[in-house]
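Novice: Have a look at this one.
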Amino acid sequence: MPQEEQTSVTHAHRGRDGQEDVRYDAQRIETKWFERWQQDSSLYAAEPHSTRQKYYVLEMLPYPSGALHMGHVRNYAIGDALARYMWMNGYNVLHPMGWDSFGLPAENAAIQNNTPPREWTLGNIAAMKAQMKRLGFAYDWSREVTTCLPEYYKWNQWFFIKMFEKGLAYRKKSTVNWCPKCATVLANEQVVNGCCWRHEDTPVEQRELEQWFLRITKYADELLRDLDRLPGWPEKVRTMQRNWIGRSEGTLVDFKLDGATDPASSSIPVFTTRVDTIFGATSVQLAPQHPLVARLTRNNDLLRAEVERLLAEQRKAREVGDIGEIEKHGVNTGRYAINPYNGEKVPIWVANYILMDYGTGAIMSVPAHDERDYEFAKKYKLEIRLVILPQASDPEETAVEPKLPFTTMQGTLVNSGRFSGMDCEAAIRAMSEHAEKNGFGKATITYRLKDWGISRQRYWGTPIPMLYCEKDGIVAVPEKDLPVILPENVDIALTGGSPLGRVPEFVNATCPKCDGPARRETDTMDTFVDSSWYFYRYTDAQNDQAPFDREKAGYWFGDRGIDQYIGGVEHAILHLIYSRFWTKFMRDMGLIGNAEPAERLFTQGMIIKGGAKMSKSLGNVVSPDDMVEHYGADSTRMYTLFATSPDRELDWQDEGVEGIERFLGRVYRFVTRNAARSALAEAQHAAPFLPEARQIQRKLHQTIKRVSDDFQGRWHFNTSIAAIMELVNELYAVEARQEGHAAAGGLHAKVVPNSLWVEVQRTLALLLSPFAPFLAHELWEMLGEKGSLLRASWPKYDPALAKEEEIEIPVQINGKLRSRIVVPADAPEDVVRERALADEKIRAMVAGKQIVKPIVVPGKLVNIVVR
RNA sequence: GCGGUCGUGGCGGAACUGGCAGACGCACUAGCUUGAGGUGCUAGCGCCGCAAGGCGUGGAGGUUCGAGUCCUCUCGACCGCACCA
């Protein structure tokens with residue numbers, strides 16, 4: 001038995017001939033390569049044109065907050081490993097990086113530290129770029145994009161004007177969050193429990209402001225449909241986007257306002273997905289903000305006060321985020337609406353749970369067939385009228401009265417005039433047609449997706465390139481006058497309104513149409529605009545004539561987009577939907593040929609520690625700088641890949657990093673001890689190929705296969721790294737035996753031929769280079785190789801060499817493991833069966849029993865079923 | 001409420017299409033080595049049991065020669081959406 005033989009081998013205490021091992025000094029190695037890589041700026045540069053196939057790998061660009069956090073490191077470690085792997089496989093790789101550098105934190109820092117936003121931001125960028133370089137990420141810095149610089153945001157303005165010209169950018173009134181103490185607008189994220197984040201006892205107010213919107217809803221349907229054409233995106237993200245777009249098919253029905261004096265506004269459009277239940281409608285419910293409400297309450301102070309209360313309740317609930325749990329309240333206006341299907345008069349109510357921004361802001365209430373309407377009707381004692389009966393399972397049976405509310409579609413209409421007797425689906429079709437024929441409605445599709453409000457009453461953003469002229473109205477800044485430069489030295493104190501409005505030199509301009517005086521737009525753009533198209537700019541980052549050259553973008557994007565995009569799930573909706581919208585718009589402009597920004601998307605998991613997300617308040621933040629200083633960049637990066645698979649949540653453990661450092665030390669010492677051996681000398685020796693050598697060779701090729709397979713498939717780098725560890729463990733074991741032989745003065749002082757020994761070490765450096773580039777390069781150099789590993793070829797595995805000659809397979813009796821046998825790997829079924837039955841343990845156990853059937857799974861196991 | 005992901009040793013996690021559960025790492029234990037500074041090497045390590053053996057992948061059933069993996073029910077954790085008419 002070969003297993004037992006192993007134990008008889010002397011386990012040497014690795015004497016190493018009394019020689020001290022060199023310590024693995026990550027700092028020394030990494031500083032050395034860091035400095036070398038600094039010298040050569042072309043090292044990671046993508047070729048503009050190449051005979052090699054292109055590969056565009058992109059990680060989401062960071063906001064320059066001042067320091068990288070571990071989430072960044074994980075994200076970039078994944079992308080960098082992939083980029084390096086593709087490089088070594090002969091691709092022309094584009095792997096760029098940039099800065100999403102407009103946004104609020106810079107303004108807050110400016111107020112707190114009295115540092116101009118620009119200075120603060122650029123300082124942070126420099127610091128973070130240094131961190132990235134220290135971590136050894138292989139970015140093509142010649143293509144760096146910084147969104148807060150005029151060279152970049154000029155093109156935000158250019159795109160905006162193009163959208164304006166196409167009617168895709170427009171202005172309308174809308175509600176914003178307003179903190180009375182700050183006297184300014186707040187982003188939704190800055191509203192905490194309905195109060196200002198800086199004044200936690202001050203409730204946020206809603207204000208109506210004129211805002212710029214981008215008509216993303218024009219693409220709603222395509223954005224939804226094309227999700228099916230993105231098999232390379234996580235199902236989760238596609239589902240989230242589907243829900244966000246929220247397509248809903250239904251019917252628009254006009255109820256007439258009874259006794260309307262003004263014919264122009266005499267109808268109340270209502271949206272419903274269940275027009276089949278409309279004969280059961282016993283009221284119409286309006287959102288408190290519904291335009292009709294103001295008119296209906298004009299002469300009734302009491303009623304108006306009630307409505308105000310409902311409105312306040314709704315706002316409160318929405319701000320806290322639990323509109324779903326709001327206690328339903330309503331008030332009867334005393335007026336009536338006429339159901340166009342049966343001419344019936346139903347009361348009009350105003351209710352706090354009706355949302356103005358979905359559908360038409362008005363609903364028909366059918367208590368018998370809707371949960372919410374039922375609850376509301378019970379509370380206010382409104383009529384509940386049954387108009388759908390469950391379909392009897394047995395046609396002979398008469399339908400029974402259902403439990404209310406009866407909300408499923410498996411039913412038949414009753415008490416519904418000429419539509420009685422139809423099933424729900426047929427009725428919806430027939431009734432929608434009926435409405436359209438008679439001019440009071442039609443089948444419609446509504447979306448939850450809203451047009452994108454991009455106006456921000458903030459300083460640190462892209463100025464919206466618009467002018468307001470008394471004579472010519474809203475006028476776009478001419479292209480030749482772009483960029484509209486964001487002025488410096490602006491007072492950004494939070495005193496209300498847009499800071500740019502306090503800069504007369506900025507505000508006062510000339511109308512390009514009439515040369516008369518004009519006022520500049522003082523709002524800036526949402527920073528999501530910046531990140532909606534930045535990845536195109538990487539293909540042509542220095543272009544000052546256009547956002548990018550069509551051909552250059554065409555080369556990298558092709559017709560499928562970025563080959564691999566990597567980032568956090570937190571961007572699953574906003575950033576990724578805006579990017580998709582922007583791409584479709586650019587395609588319609590003829591700027592690009594792809595309809596989607598990225599063919600494949602990978603969302604990495606969060607990093608937690610001690611069961612919670614890392615946060616300053618919990619004090620469980622692990623700083624990348626500390627880790628790099630302590631264990632080195634290689635260990636830090638590699639740990640983020642080793643702790644778990646990249647798609648899963650990572651539970652940070654400092655001891656885990658130590659484990660990686662220990663492993664890298666083992667590799668380093670192994671090569672230190674063995675690098676000097678000459679392959680050439682050995683080739684002449686032609687040493688016998690002992691079992692140990694074969695074992696190493698097999699393991700080596702199996703490892704190459706496992707690591708390569710992970711890159712090609714599931715990206716489970718944790719198992720790739722585990723495979724390399726296994727290889728190294730085996731190398732140590734064989735090395736010990738080799739020394740044992742030598743010490744014993746054995747004939748085979750060299751158990752493993754030097755040529756193989758050298759191949760093993762070279763391969764080790766190659767396999768490690770995507771995960772631990774610093775050490776890999778050091779090893780490469782120790783092995784006498786020159787140049788970057790990026791230019792080296794990824795090792796190929798040889799299936800013949802990876803193959804096991806003999807395998808051990810388990811033998812079960814009735815599914816329970818009873819013995820093991822060793823057979824040739826390619827032994828035919830009947831041989832395996834014979835061997836299993838001949839096994840002594842098995843013979844003893846099946847003696848006297850009847851063998852029902854022996855099951856042989858070649859190469860896997862034997863299971864003998866006995867009775 | 002709807003949609004999704006996930007429950008495996010003391011811990012992080014392996015086990016791709018059903019086929020030896022626990023690879024690899026951490027922690028722990030022992031031996032050797034080193035040593036005034038987070039050292040290295042070797043071995044052991046799911047649970048019960050002296051052992052033979054038995055029991056084990058959140059729980060209960062089922063399919064199968066065989067289930068962590070498939071099916072049904074159920075419990076729990078996390079994420080997203082949410083009076084969406």
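Chain labels A, B, ... are given in the sequence in which chains occur in the structure tokens; within each chain residues are numbered consecutively from 1, and ligands are likewise numbered from 1 in the order shown.
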Skip region 633-650 of chain A itself and residues of its chain fewer than 4 positions away, then list as an MDAnalysis selection string all residues within 9 Å of it, counting only C-alpha atoms (C1' of nucleotides).
Specialist: (chainID A and resid 26:27 30 70 73:78 134:136 602:609 624:625 627:629 656:662 664 714:722 771:775) or (chainID B and resid 12:13 25)
Novice: Would you mind writing down, as a PyMOL selection string, each residue of region 237-321 of chain A that DSSP on the backbone assigns to alpha helix (DSSP H)?
Specialist: chain A and resi 237-245+291-296+301-320
Novice: For chain B, which residue out of A:Leu43, A:Leu355, A:Val752, A:Leu303 is the nearest one, using only C-alpha atoms (C1' of nucleotides)?
Specialist: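 Ranked by minimum distance to chain B, first place goes to A:Leu355.
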Novice: Could you write out, as a ChimeraX atom specification, all the residues of region 581-776 of chain A that DSSP marks as strand (DSSP E)?
Specialist: /A:601-604,607-609,612-613,650-651
Novice: Considering only C-alpha atoms (C1' of nucleotides), can you say which of B:G37, B:G66, B:G7, B:G56 comes closest to G22 (chain B)?
Specialist: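 Result for the nearest residue to G22 (chain B): B:G56.
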Novice: Near chain A, meaning an atom within 8 Å, which residues of chain B appear when counting only C-alpha atoms (C1' of nucleotides)? Write them as a PyMOL selection string.
Specialist: chain B and resi 3-4+12-14+19-20+23-26+32-33+41-42+65-66+80-85
Novice: Now that the selection is made, can you save its residues with N, CA and C atoms (P, O5', C5', C4', C3', O3' and C1' of nucleotides) as a short mmCIF file (atom, residue, chain, number, x, y, z; two decimals), in the first residue's frame?
Specialist:
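Final file, selection_13.cif:
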```cif
data_model
loop_
_atom_site.label_atom_id
_atom_site.label_comp_id
_atom_site.auth_asym_id
_atom_site.auth_seq_id
_atom_site.Cartn_x
_atom_site.Cartn_y
_atom_site.Cartn_z
P G B 3 -42.80 35.72 -5.05
"O5'" G B 3 -41.41 36.37 -5.46
"C5'" G B 3 -41.23 36.89 -6.78
"C4'" G B 3 -39.90 37.58 -6.88
"C3'" G B 3 -38.70 36.76 -6.46
"O3'" G B 3 -38.29 35.82 -7.43
"C1'" G B 3 -38.54 38.90 -5.51
P G B 4 -37.63 34.43 -6.91
"O5'" G B 4 -36.18 34.88 -6.42
"C5'" G B 4 -35.24 35.39 -7.35
"C4'" G B 4 -34.09 36.03 -6.62
"C3'" G B 4 -33.20 35.10 -5.83
"O3'" G B 4 -32.32 34.36 -6.66
"C1'" G B 4 -33.59 37.04 -4.57
P G B 12 -17.66 30.92 10.22
"O5'" G B 12 -16.55 31.33 9.16
"C5'" G B 12 -16.09 32.67 9.08
"C4'" G B 12 -15.08 32.79 7.97
"C3'" G B 12 -15.52 32.20 6.64
"O3'" G B 12 -16.40 33.07 5.95
"C1'" G B 12 -13.32 31.50 7.10
P G B 13 -17.45 32.49 4.96
"O5'" G B 13 -16.50 31.82 3.87
"C5'" G B 13 -16.92 30.68 3.15
"C4'" G B 13 -15.68 29.97 2.69
"C3'" G B 13 -15.94 28.77 1.81
"O3'" G B 13 -15.89 29.21 0.46
"C1'" G B 13 -14.63 28.12 3.65
P A B 14 -16.57 28.38 -0.65
"O5'" A B 14 -15.43 27.34 -0.90
"C5'" A B 14 -15.76 26.02 -0.92
"C4'" A B 14 -14.59 25.21 -1.31
"C3'" A B 14 -15.05 24.06 -2.18
"O3'" A B 14 -14.84 24.40 -3.52
"C1'" A B 14 -14.06 23.22 -0.21
P G B 19 -21.83 14.25 -6.60
"O5'" G B 19 -21.50 12.75 -6.22
"C5'" G B 19 -21.70 12.28 -4.89
"C4'" G B 19 -20.91 11.02 -4.67
"C3'" G B 19 -19.51 11.04 -5.26
"O3'" G B 19 -18.64 10.39 -4.37
"C1'" G B 19 -20.74 9.21 -6.14
P C B 20 -18.00 11.22 -3.16
"O5'" C B 20 -17.25 10.03 -2.42
"C5'" C B 20 -17.99 9.03 -1.74
"C4'" C B 20 -17.25 8.68 -0.48
"C3'" C B 20 -16.99 9.87 0.44
"O3'" C B 20 -17.04 9.42 1.78
"C1'" C B 20 -14.96 8.89 -0.19
P A B 23 -10.16 18.97 5.03
"O5'" A B 23 -9.19 19.16 3.78
"C5'" A B 23 -9.04 18.14 2.83
"C4'" A B 23 -8.82 18.73 1.46
"C3'" A B 23 -7.87 19.92 1.40
"O3'" A B 23 -6.52 19.49 1.33
"C1'" A B 23 -9.83 20.43 0.20
P C B 24 -5.45 20.01 2.37
"O5'" C B 24 -5.52 21.58 2.14
"C5'" C B 24 -4.97 22.16 0.97
"C4'" C B 24 -5.26 23.63 0.94
"C3'" C B 24 -4.97 24.38 2.24
"O3'" C B 24 -3.60 24.68 2.38
"C1'" C B 24 -7.10 24.99 1.49
P G B 25 -2.95 24.65 3.84
"O5'" G B 25 -3.62 25.92 4.54
"C5'" G B 25 -3.27 27.21 4.09
"C4'" G B 25 -4.19 28.23 4.70
"C3'" G B 25 -4.20 28.33 6.21
"O3'" G B 25 -3.06 29.00 6.71
"C1'" G B 25 -6.41 28.39 5.43
P C B 26 -2.55 28.67 8.17
"O5'" C B 26 -3.67 29.29 9.11
"C5'" C B 26 -3.89 30.70 9.13
"C4'" C B 26 -5.07 31.02 9.99
"C3'" C B 26 -4.94 30.59 11.45
"O3'" C B 26 -4.12 31.48 12.18
"C1'" C B 26 -7.09 30.05 10.65
P C B 32 11.10 17.56 21.79
"O5'" C B 32 11.78 18.04 20.44
"C5'" C B 32 12.60 17.13 19.70
"C4'" C B 32 12.85 17.65 18.31
"C3'" C B 32 13.59 18.98 18.23
"O3'" C B 32 14.98 18.84 18.40
"C1'" C B 32 11.73 19.01 16.76
P U B 33 15.77 20.00 19.07
"O5'" U B 33 15.65 21.16 17.99
"C5'" U B 33 16.34 21.07 16.76
"C4'" U B 33 15.98 22.23 15.87
"C3'" U B 33 16.36 23.61 16.41
"O3'" U B 33 17.72 23.90 16.20
"C1'" U B 33 14.15 23.67 15.57
P C B 41 7.53 26.41 7.33
"O5'" C B 41 8.08 25.01 7.83
"C5'" C B 41 9.16 24.40 7.16
"C4'" C B 41 9.56 23.14 7.86
"C3'" C B 41 8.46 22.09 8.02
"O3'" C B 41 8.30 21.33 6.84
"C1'" C B 41 9.58 22.35 10.07
P U B 42 6.86 20.71 6.52
"O5'" U B 42 6.73 19.57 7.61
"C5'" U B 42 7.52 18.39 7.53
"C4'" U B 42 7.24 17.49 8.70
"C3'" U B 42 5.79 17.11 8.92
"O3'" U B 42 5.36 16.08 8.05
"C1'" U B 42 6.75 17.72 10.98
P C B 65 -33.04 2.27 -6.77
"O5'" C B 65 -31.74 2.11 -5.86
"C5'" C B 65 -31.59 0.95 -5.05
"C4'" C B 65 -30.20 0.93 -4.44
"C3'" C B 65 -29.75 2.24 -3.82
"O3'" C B 65 -30.22 2.36 -2.50
"C1'" C B 65 -28.05 1.42 -5.23
P G B 66 -30.78 3.74 -2.01
"O5'" G B 66 -29.50 4.66 -2.08
"C5'" G B 66 -28.43 4.45 -1.14
"C4'" G B 66 -27.27 5.34 -1.47
"C3'" G B 66 -27.59 6.83 -1.51
"O3'" G B 66 -27.57 7.38 -0.22
"C1'" G B 66 -26.30 6.23 -3.39
P G B 80 -30.52 46.41 0.96
"O5'" G B 80 -31.42 46.21 -0.34
"C5'" G B 80 -30.83 46.34 -1.63
"C4'" G B 80 -31.81 45.89 -2.68
"C3'" G B 80 -33.16 46.58 -2.67
"O3'" G B 80 -33.11 47.86 -3.26
"C1'" G B 80 -33.49 44.28 -2.89
P C B 81 -34.07 49.01 -2.64
"O5'" C B 81 -35.50 48.52 -3.13
"C5'" C B 81 -35.82 48.49 -4.52
"C4'" C B 81 -37.18 47.89 -4.73
"C3'" C B 81 -38.32 48.54 -3.98
"O3'" C B 81 -38.75 49.76 -4.55
"C1'" C B 81 -38.51 46.22 -3.77
P A B 82 -39.24 50.90 -3.52
"O5'" A B 82 -40.58 50.24 -2.97
"C5'" A B 82 -41.70 50.09 -3.82
"C4'" A B 82 -42.73 49.24 -3.15
"C3'" A B 82 -43.44 49.85 -1.96
"O3'" A B 82 -44.37 50.83 -2.35
"C1'" A B 82 -42.94 47.60 -1.50
P C B 83 -44.93 51.76 -1.31
"O5'" C B 83 -46.41 51.21 -1.54
"C5'" C B 83 -47.32 50.99 -0.48
"C4'" C B 83 -48.36 50.02 -0.99
"C3'" C B 83 -49.22 50.56 -2.16
"O3'" C B 83 -49.90 49.48 -2.77
"C1'" C B 83 -50.52 50.43 -0.24
P C B 84 -49.20 48.46 -3.76
"O5'" C B 84 -48.91 49.42 -4.99
"C5'" C B 84 -49.93 49.76 -5.93
"C4'" C B 84 -49.32 49.77 -7.32
"C3'" C B 84 -48.40 48.55 -7.52
"O3'" C B 84 -48.78 47.65 -8.53
"C1'" C B 84 -47.18 50.63 -7.76
P A B 85 -49.42 47.77 -9.79
"O5'" A B 85 -50.97 47.91 -9.47
"C5'" A B 85 -51.80 48.61 -10.36
"C4'" A B 85 -53.02 49.03 -9.60
"C3'" A B 85 -53.94 49.99 -10.34
"O3'" A B 85 -54.81 49.32 -11.24
"C1'" A B 85 -53.56 50.78 -8.17
#
```
Novice: Looking at B:A67, B:U29, B:C73, B:C79, which one is nearest to C45 (chain B), with distances taken over only C-alpha atoms (C1' of nucleotides)?
Specialist: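 Smallest separation from C45 (chain B) among the options: B:U29.
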Novice: Which residue out of B:A43, B:A30, B:C78, B:C50 has the minimum interatomic distance to U5 (chain B) when only C-alpha atoms (C1' of nucleotides) are used?
Specialist: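 Among the listed residues, the smallest separation from U5 (chain B) belongs to B:C78.
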